[in-house]
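Below is structure-v9.txt, holding compact mmCIF, C-alpha atoms.
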# COMPACT_ATOMS: atom_id res chain seq x y z
CA MET J 1 0.00 0.00 0.00
CA VAL J 2 1.24 3.46 -0.89
CA GLU J 3 1.72 5.79 2.06
CA THR J 4 0.05 9.17 1.70
CA ILE J 5 0.63 12.33 3.66
CA ASP J 6 -1.92 15.10 4.16
CA VAL J 7 -0.50 18.60 3.80
CA VAL J 8 -1.73 22.18 3.63
CA GLU J 9 -0.31 23.91 0.57
CA PHE J 10 0.34 27.63 0.84
CA GLU J 11 2.05 30.42 -1.03
CA LEU J 12 4.83 32.66 0.17
CA GLY J 13 6.59 35.14 -2.08
CA GLY J 14 5.28 33.45 -5.22
CA GLU J 15 6.64 30.03 -4.20
CA ARG J 16 4.66 26.98 -3.11
CA TYR J 17 5.17 25.44 0.33
CA ALA J 18 3.41 22.83 2.44
CA LEU J 19 3.19 21.77 6.06
CA ASP J 20 1.68 18.73 7.75
CA ILE J 21 -2.11 19.05 8.05
CA GLN J 22 -2.11 17.77 11.64
CA LEU J 23 -0.06 20.85 12.65
CA ALA J 24 -2.71 23.27 11.37
CA ARG J 25 -5.58 24.02 13.75
CA GLU J 26 -7.32 26.51 11.49
CA ILE J 27 -6.81 29.08 8.77
CA VAL J 28 -8.06 32.59 9.43
CA GLU J 29 -8.31 35.77 7.41
CA MET J 30 -5.75 38.45 8.25
CA ILE J 31 -6.76 40.50 11.29
CA PRO J 32 -4.91 43.43 12.88
CA ILE J 33 -1.69 42.34 14.57
CA THR J 34 -0.46 44.16 17.67
CA PRO J 35 3.33 44.56 17.44
CA ILE J 36 5.46 43.59 20.44
CA PRO J 37 8.28 46.02 21.27
CA ARG J 38 11.80 44.57 20.95
CA ALA J 39 10.49 41.28 19.58
CA PRO J 40 12.78 39.35 17.23
CA PRO J 41 12.23 40.13 13.51
CA TYR J 42 10.37 36.86 12.93
CA ILE J 43 7.65 37.81 15.47
CA SER J 44 5.08 40.08 13.81
CA GLY J 45 3.13 40.50 17.06
CA VAL J 46 0.05 39.03 18.70
CA ILE J 47 -3.63 38.73 17.88
CA ASN J 48 -6.67 38.06 20.01
CA LEU J 49 -8.29 35.05 18.38
CA ARG J 50 -11.62 34.37 20.10
CA GLY J 51 -10.21 35.33 23.49
CA GLU J 52 -6.88 33.52 23.07
CA ILE J 53 -3.69 35.52 22.65
CA THR J 54 -1.84 34.03 19.68
CA ASN J 55 1.76 34.83 18.71
CA ILE J 56 2.07 35.59 15.01
CA MET J 57 5.28 34.62 13.25
CA ASN J 58 6.50 36.05 9.97
CA LEU J 59 7.47 32.97 7.99
CA ASN J 60 9.35 35.08 5.43
CA ALA J 61 11.72 36.30 8.16
CA LEU J 62 11.99 32.81 9.69
CA LEU J 63 12.98 31.23 6.41
CA GLY J 64 15.26 34.05 5.33
CA LEU J 65 13.04 35.07 2.43
CA ALA J 66 12.45 38.64 1.27
CA ASN J 67 10.31 40.38 3.85
CA THR J 68 7.05 41.81 2.61
CA GLU J 69 4.59 44.20 4.17
CA ILE J 70 1.62 42.53 5.83
CA ARG J 71 -1.40 42.83 3.55
CA SER J 72 -5.08 42.42 4.35
CA ASN J 73 -5.49 39.62 1.77
CA GLN J 74 -2.97 37.35 3.48
CA LYS J 75 -3.96 34.44 5.71
CA ILE J 76 -2.84 33.18 9.10
CA ILE J 77 -2.36 29.44 9.61
CA VAL J 78 -2.93 28.86 13.32
CA LEU J 79 -0.94 25.85 14.51
CA VAL J 80 -2.07 23.32 17.07
CA PRO J 81 -0.53 24.17 20.47
CA GLU J 82 1.38 20.84 20.50
CA ALA J 83 3.32 21.99 17.42
CA ALA J 84 4.60 25.02 19.29
CA GLY J 85 5.43 23.55 22.68
CA GLY J 86 2.00 24.38 24.09
CA SER J 87 1.91 27.98 22.83
CA ASN J 88 -0.68 29.52 20.54
CA VAL J 89 1.21 30.34 17.35
CA GLY J 90 0.12 31.41 13.89
CA ILE J 91 2.16 31.96 10.75
CA ILE J 92 1.48 34.56 8.06
CA VAL J 93 1.25 33.23 4.51
CA ASP J 94 0.33 34.96 1.25
CA ASP J 95 -2.43 32.49 0.47
CA VAL J 96 -3.59 28.97 1.29
CA SER J 97 -4.06 26.98 -1.90
CA SER J 98 -5.38 23.61 -0.84
CA VAL J 99 -5.34 20.66 1.48
CA MET J 100 -4.09 17.64 -0.38
CA GLN J 101 -2.91 14.08 -0.06
CA VAL J 102 0.57 13.42 -1.37
CA SER J 103 1.93 9.99 -2.16
CA GLU J 104 5.23 9.14 -0.47
CA ALA J 105 6.49 8.28 -3.99
CA ASP J 106 6.05 11.94 -5.03
CA ILE J 107 8.34 13.25 -2.29
CA ASP J 108 12.10 13.65 -2.59
CA HIS J 109 13.59 13.77 0.88
CA ILE J 110 16.55 16.09 1.27
CA GLY J 111 19.68 14.12 2.09
CA GLU J 112 21.63 14.70 5.27
CA GLY J 113 24.66 15.72 3.21
CA PHE J 114 22.82 18.77 1.86
CA SER J 115 23.51 21.44 4.41
CA SER J 116 22.28 24.96 4.87
CA ASP J 117 20.25 26.76 7.50
CA PHE J 118 17.23 26.46 5.23
CA SER J 119 17.59 22.79 4.32
CA SER J 120 17.42 21.75 7.97
CA PHE J 121 13.80 22.99 7.97
CA VAL J 122 12.84 21.21 4.75
CA LYS J 123 11.32 17.74 5.06
CA GLY J 124 11.34 17.22 1.33
CA ILE J 125 10.30 18.42 -2.09
CA ILE J 126 6.85 17.38 -3.31
CA LYS J 127 6.65 16.76 -7.06
CA MET J 128 3.21 17.47 -8.45
CA LYS J 129 1.79 15.61 -11.43
CA GLY J 130 1.07 17.06 -14.87
CA GLU J 131 -2.18 18.97 -14.38
CA ASP J 132 -0.35 21.77 -12.58
CA ALA J 133 2.16 22.11 -15.39
CA ALA J 134 -0.72 22.88 -17.75
CA SER J 135 -1.88 25.72 -15.51
CA LYS J 136 1.66 27.16 -15.63
CA LYS J 137 2.09 26.76 -11.88
CA LYS J 138 5.44 25.57 -10.66
CA ASN J 139 5.11 21.88 -9.96
CA LEU J 140 7.51 21.61 -7.01
CA ILE J 141 6.35 22.30 -3.47
CA ILE J 142 8.77 22.75 -0.57
CA TRP J 143 7.55 20.69 2.40
CA ILE J 144 8.53 22.55 5.57
CA ASP J 145 9.20 20.87 8.91
CA MET J 146 7.27 23.48 10.92
CA GLN J 147 7.83 21.72 14.26
CA LYS J 148 11.60 21.84 13.72
CA VAL J 149 11.45 25.53 12.77
CA ILE J 150 9.65 26.34 16.02
CA LYS J 151 11.77 23.96 18.13
CA ASP J 152 14.96 25.59 16.85
CA LEU J 153 13.59 29.03 17.74
CA ALA J 154 12.85 27.90 21.28
CA GLU J 155 16.40 26.62 21.66
CA ALA J 156 18.02 29.74 20.19
Do you think you could lay out the structure here as structure tokens?
Amino acid sequence: MVETIDVVEFELGGERYALDIQLAREIVEMIPITPIPRAPPYISGVINLRGEITNIMNLNALLGLANTEIRSNQKIIVLVPEAAGGSNVGIIVDDVSSVMQVSEADIDHIGEGFSSDFSSFVKGIIKMKGEDAASKKKNLIIWIDMQKVIKDLAEA
């Protein structure tokens, strides 16, 4: 039997990324973020989400991508507290494309020999089948190890 993995696909800076579906609690429309003085660059601030204070992380800054201004048409993927060591954390993304099942055969795992700050957060590269090529979308999706990203921040 072929193993499948459920992921949430999202866009960031025109590129396609994914994270494990079980890490995502919900996806919410952008709401005003209250900045926190002297917070690290990857912390955009906090929001009050139905009475819960939720830390909002700027994934662009975390991954070393070009930083963009927060726009009202962006989305926030709120992670399950277990993914963030019990904290309420959300990440800002440009858009959420879909929730999809990916076959293990369509994933290239990055080898241990490939080393960079970024590659340590990448679980693998998901290769999409032909229908995306017809729509002129890039057919590679970077699968991010969101738990490792957050764990490394906590240890820094």
Between CA of Leu140 (chain J) and CA of Met128 (chain J) - distance in Å to one decimal: 6.1 Å
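Minimum distance to Ala83 (chain J) across J:Leu65, J:Leu23, J:Val28, J:Ile144 (counting only C-alpha atoms) occurs at J:Leu23.
Taking CA of Leu153 (chain J) and CA of Val102 (chain J) as endpoints, the distance between them is 27.9 Å.
Coordinates place CA of Met57 (chain J) at a distance of 13.2 Å from CA of Gln147 (chain J).
Considering the residues J:Glu104, J:Glu155, J:Asp145, J:Glu69 and counting all atoms listed in the file, Ile5 (chain J) has its shortest atom-to-atom contact with J:Glu104.
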Is there a way to get, as a PyMOL selection string, all residues within 9 Å of the point (-3.0, 23.2, -0.5) in file coordinates, counting only C-alpha atoms? chain J and resi 7-11+16-18+96-100
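Nearest residue to Ala61 (chain J) among J:Leu79, J:Val149, J:Val122, J:Gln22 is J:Val149, counting all atoms listed in the file.
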Which polymer residues, whether protein, DNA or RNA, lie within 6 Å of the coordinate (4.6, 35.2, 8.5) when you count only C-alpha atoms? List them as a PyMOL selection string, using the chain letters and numbers from the file. chain J and resi 57-60+91-93
Only C-alpha atoms, please: the residues just picked out, written as a short mmCIF file (atom, residue, chain, number, x, y, z; two decimals), keeping the file's coordinate frame.
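And here is the file that came out, out-v9.cif:
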data_model
loop_
_atom_site.label_atom_id
_atom_site.label_comp_id
_atom_site.auth_asym_id
_atom_site.auth_seq_id
_atom_site.Cartn_x
_atom_site.Cartn_y
_atom_site.Cartn_z
CA MET J 57 5.28 34.62 13.25
CA ASN J 58 6.50 36.05 9.97
CA LEU J 59 7.47 32.97 7.99
CA ASN J 60 9.35 35.08 5.43
CA ILE J 91 2.16 31.96 10.75
CA ILE J 92 1.48 34.56 8.06
CA VAL J 93 1.25 33.23 4.51
#
Show me, as JSON, the centre and edge lengths in Å to one decimal of the axis-aligned box that covers every listed atom of region 75-90 of chain J with 3 Å on each side.
{"center_x": 0.7, "center_y": 27.6, "center_z": 14.9, "size_x": 15.4, "size_y": 19.6, "size_z": 24.4}
Looking at only C-alpha atoms, which of J:Ile36, J:Ala154, J:Ile107, J:Ala24 is the one that sits closest to Ile77 (chain J)? J:Ala24
Please complete region 17-28 of chain J with all heavy atoms and give it back as an mmCIF file, in the coordinates of the input.
data_model
loop_
_atom_site.group_PDB
_atom_site.id
_atom_site.type_symbol
_atom_site.label_atom_id
_atom_site.label_comp_id
_atom_site.auth_asym_id
_atom_site.auth_seq_id
_atom_site.Cartn_x
_atom_site.Cartn_y
_atom_site.Cartn_z
ATOM 1 N N TYR J 17 4.668 26.150 -0.849
ATOM 2 C CA TYR J 17 5.170 25.440 0.330
ATOM 3 C C TYR J 17 4.054 24.579 0.885
ATOM 4 O O TYR J 17 2.890 24.749 0.540
ATOM 5 C CB TYR J 17 5.619 26.428 1.417
ATOM 6 C CG TYR J 17 6.786 27.287 1.012
ATOM 7 C CD1 TYR J 17 6.585 28.514 0.389
ATOM 8 C CD2 TYR J 17 8.096 26.877 1.249
ATOM 9 C CE1 TYR J 17 7.657 29.302 0.000
ATOM 10 C CE2 TYR J 17 9.175 27.666 0.870
ATOM 11 C CZ TYR J 17 8.950 28.874 0.254
ATOM 12 O OH TYR J 17 10.013 29.650 -0.119
ATOM 13 N N ALA J 18 4.413 23.671 1.785
ATOM 14 C CA ALA J 18 3.410 22.830 2.440
ATOM 15 C C ALA J 18 3.872 22.541 3.858
ATOM 16 O O ALA J 18 5.060 22.603 4.168
ATOM 17 C CB ALA J 18 3.239 21.524 1.668
ATOM 18 N N LEU J 19 2.896 22.264 4.718
ATOM 19 C CA LEU J 19 3.190 21.770 6.060
ATOM 20 C C LEU J 19 2.193 20.680 6.399
ATOM 21 O O LEU J 19 1.144 20.571 5.777
ATOM 22 C CB LEU J 19 3.201 22.898 7.093
ATOM 23 C CG LEU J 19 1.963 23.748 7.336
ATOM 24 C CD1 LEU J 19 0.993 23.098 8.297
ATOM 25 C CD2 LEU J 19 2.380 25.079 7.921
ATOM 26 N N ASP J 20 2.539 19.848 7.364
ATOM 27 C CA ASP J 20 1.680 18.730 7.750
ATOM 28 C C ASP J 20 0.321 19.232 8.218
ATOM 29 O O ASP J 20 0.250 20.141 9.045
ATOM 30 C CB ASP J 20 2.327 17.924 8.883
ATOM 31 C CG ASP J 20 3.635 17.276 8.462
ATOM 32 O OD1 ASP J 20 3.858 17.129 7.251
ATOM 33 O OD2 ASP J 20 4.429 16.920 9.347
ATOM 34 N N ILE J 21 -0.748 18.611 7.720
ATOM 35 C CA ILE J 21 -2.110 19.050 8.050
ATOM 36 C C ILE J 21 -2.387 18.935 9.548
ATOM 37 O O ILE J 21 -3.069 19.780 10.113
ATOM 38 C CB ILE J 21 -3.177 18.268 7.232
ATOM 39 C CG1 ILE J 21 -4.577 18.819 7.458
ATOM 40 C CG2 ILE J 21 -3.168 16.799 7.588
ATOM 41 C CD1 ILE J 21 -4.858 20.105 6.761
ATOM 42 N N GLN J 22 -1.805 17.942 10.217
ATOM 43 C CA GLN J 22 -2.110 17.770 11.640
ATOM 44 C C GLN J 22 -1.522 18.896 12.497
ATOM 45 O O GLN J 22 -1.877 19.040 13.655
ATOM 46 C CB GLN J 22 -1.702 16.397 12.170
ATOM 47 C CG GLN J 22 -0.229 16.132 12.237
ATOM 48 C CD GLN J 22 0.300 15.463 10.975
ATOM 49 O OE1 GLN J 22 -0.304 15.562 9.912
ATOM 50 N NE2 GLN J 22 1.434 14.802 11.080
ATOM 51 N N LEU J 23 -0.618 19.720 11.916
ATOM 52 C CA LEU J 23 -0.060 20.850 12.650
ATOM 53 C C LEU J 23 -0.957 22.086 12.569
ATOM 54 O O LEU J 23 -0.818 23.003 13.366
ATOM 55 C CB LEU J 23 1.331 21.215 12.119
ATOM 56 C CG LEU J 23 2.401 20.133 12.229
ATOM 57 C CD1 LEU J 23 3.721 20.646 11.686
ATOM 58 C CD2 LEU J 23 2.550 19.672 13.667
ATOM 59 N N ALA J 24 -1.855 22.099 11.576
ATOM 60 C CA ALA J 24 -2.710 23.270 11.370
ATOM 61 C C ALA J 24 -4.031 23.100 12.125
ATOM 62 O O ALA J 24 -4.747 22.125 11.915
ATOM 63 C CB ALA J 24 -2.980 23.465 9.888
ATOM 64 N N ARG J 25 -4.317 24.054 13.030
ATOM 65 C CA ARG J 25 -5.580 24.020 13.750
ATOM 66 C C ARG J 25 -6.674 24.671 12.919
ATOM 67 O O ARG J 25 -7.782 24.179 12.827
ATOM 68 C CB ARG J 25 -5.441 24.737 15.096
ATOM 69 C CG ARG J 25 -6.676 24.607 15.975
ATOM 70 C CD ARG J 25 -6.448 25.184 17.339
ATOM 71 N NE ARG J 25 -6.647 26.627 17.302
ATOM 72 C CZ ARG J 25 -6.387 27.441 18.301
ATOM 73 N NH1 ARG J 25 -5.871 26.964 19.424
ATOM 74 N NH2 ARG J 25 -6.613 28.724 18.200
ATOM 75 N N GLU J 26 -6.343 25.814 12.318
ATOM 76 C CA GLU J 26 -7.320 26.510 11.490
ATOM 77 C C GLU J 26 -6.602 27.545 10.628
ATOM 78 O O GLU J 26 -5.446 27.880 10.864
ATOM 79 C CB GLU J 26 -8.385 27.202 12.353
ATOM 80 C CG GLU J 26 -7.846 28.281 13.273
ATOM 81 C CD GLU J 26 -8.927 28.876 14.160
ATOM 82 O OE1 GLU J 26 -9.975 29.283 13.634
ATOM 83 O OE2 GLU J 26 -8.705 28.926 15.376
ATOM 84 N N ILE J 27 -7.322 28.024 9.644
ATOM 85 C CA ILE J 27 -6.810 29.080 8.770
ATOM 86 C C ILE J 27 -7.762 30.249 8.909
ATOM 87 O O ILE J 27 -8.975 30.079 8.773
ATOM 88 C CB ILE J 27 -6.747 28.575 7.307
ATOM 89 C CG1 ILE J 27 -5.763 27.410 7.221
ATOM 90 C CG2 ILE J 27 -6.361 29.716 6.373
ATOM 91 C CD1 ILE J 27 -5.943 26.522 6.033
ATOM 92 N N VAL J 28 -7.210 31.416 9.227
ATOM 93 C CA VAL J 28 -8.060 32.590 9.430
ATOM 94 C C VAL J 28 -7.637 33.715 8.497
ATOM 95 O O VAL J 28 -6.490 33.787 8.065
ATOM 96 C CB VAL J 28 -8.040 33.086 10.905
ATOM 97 C CG1 VAL J 28 -8.625 32.043 11.841
ATOM 98 C CG2 VAL J 28 -6.648 33.461 11.354
#
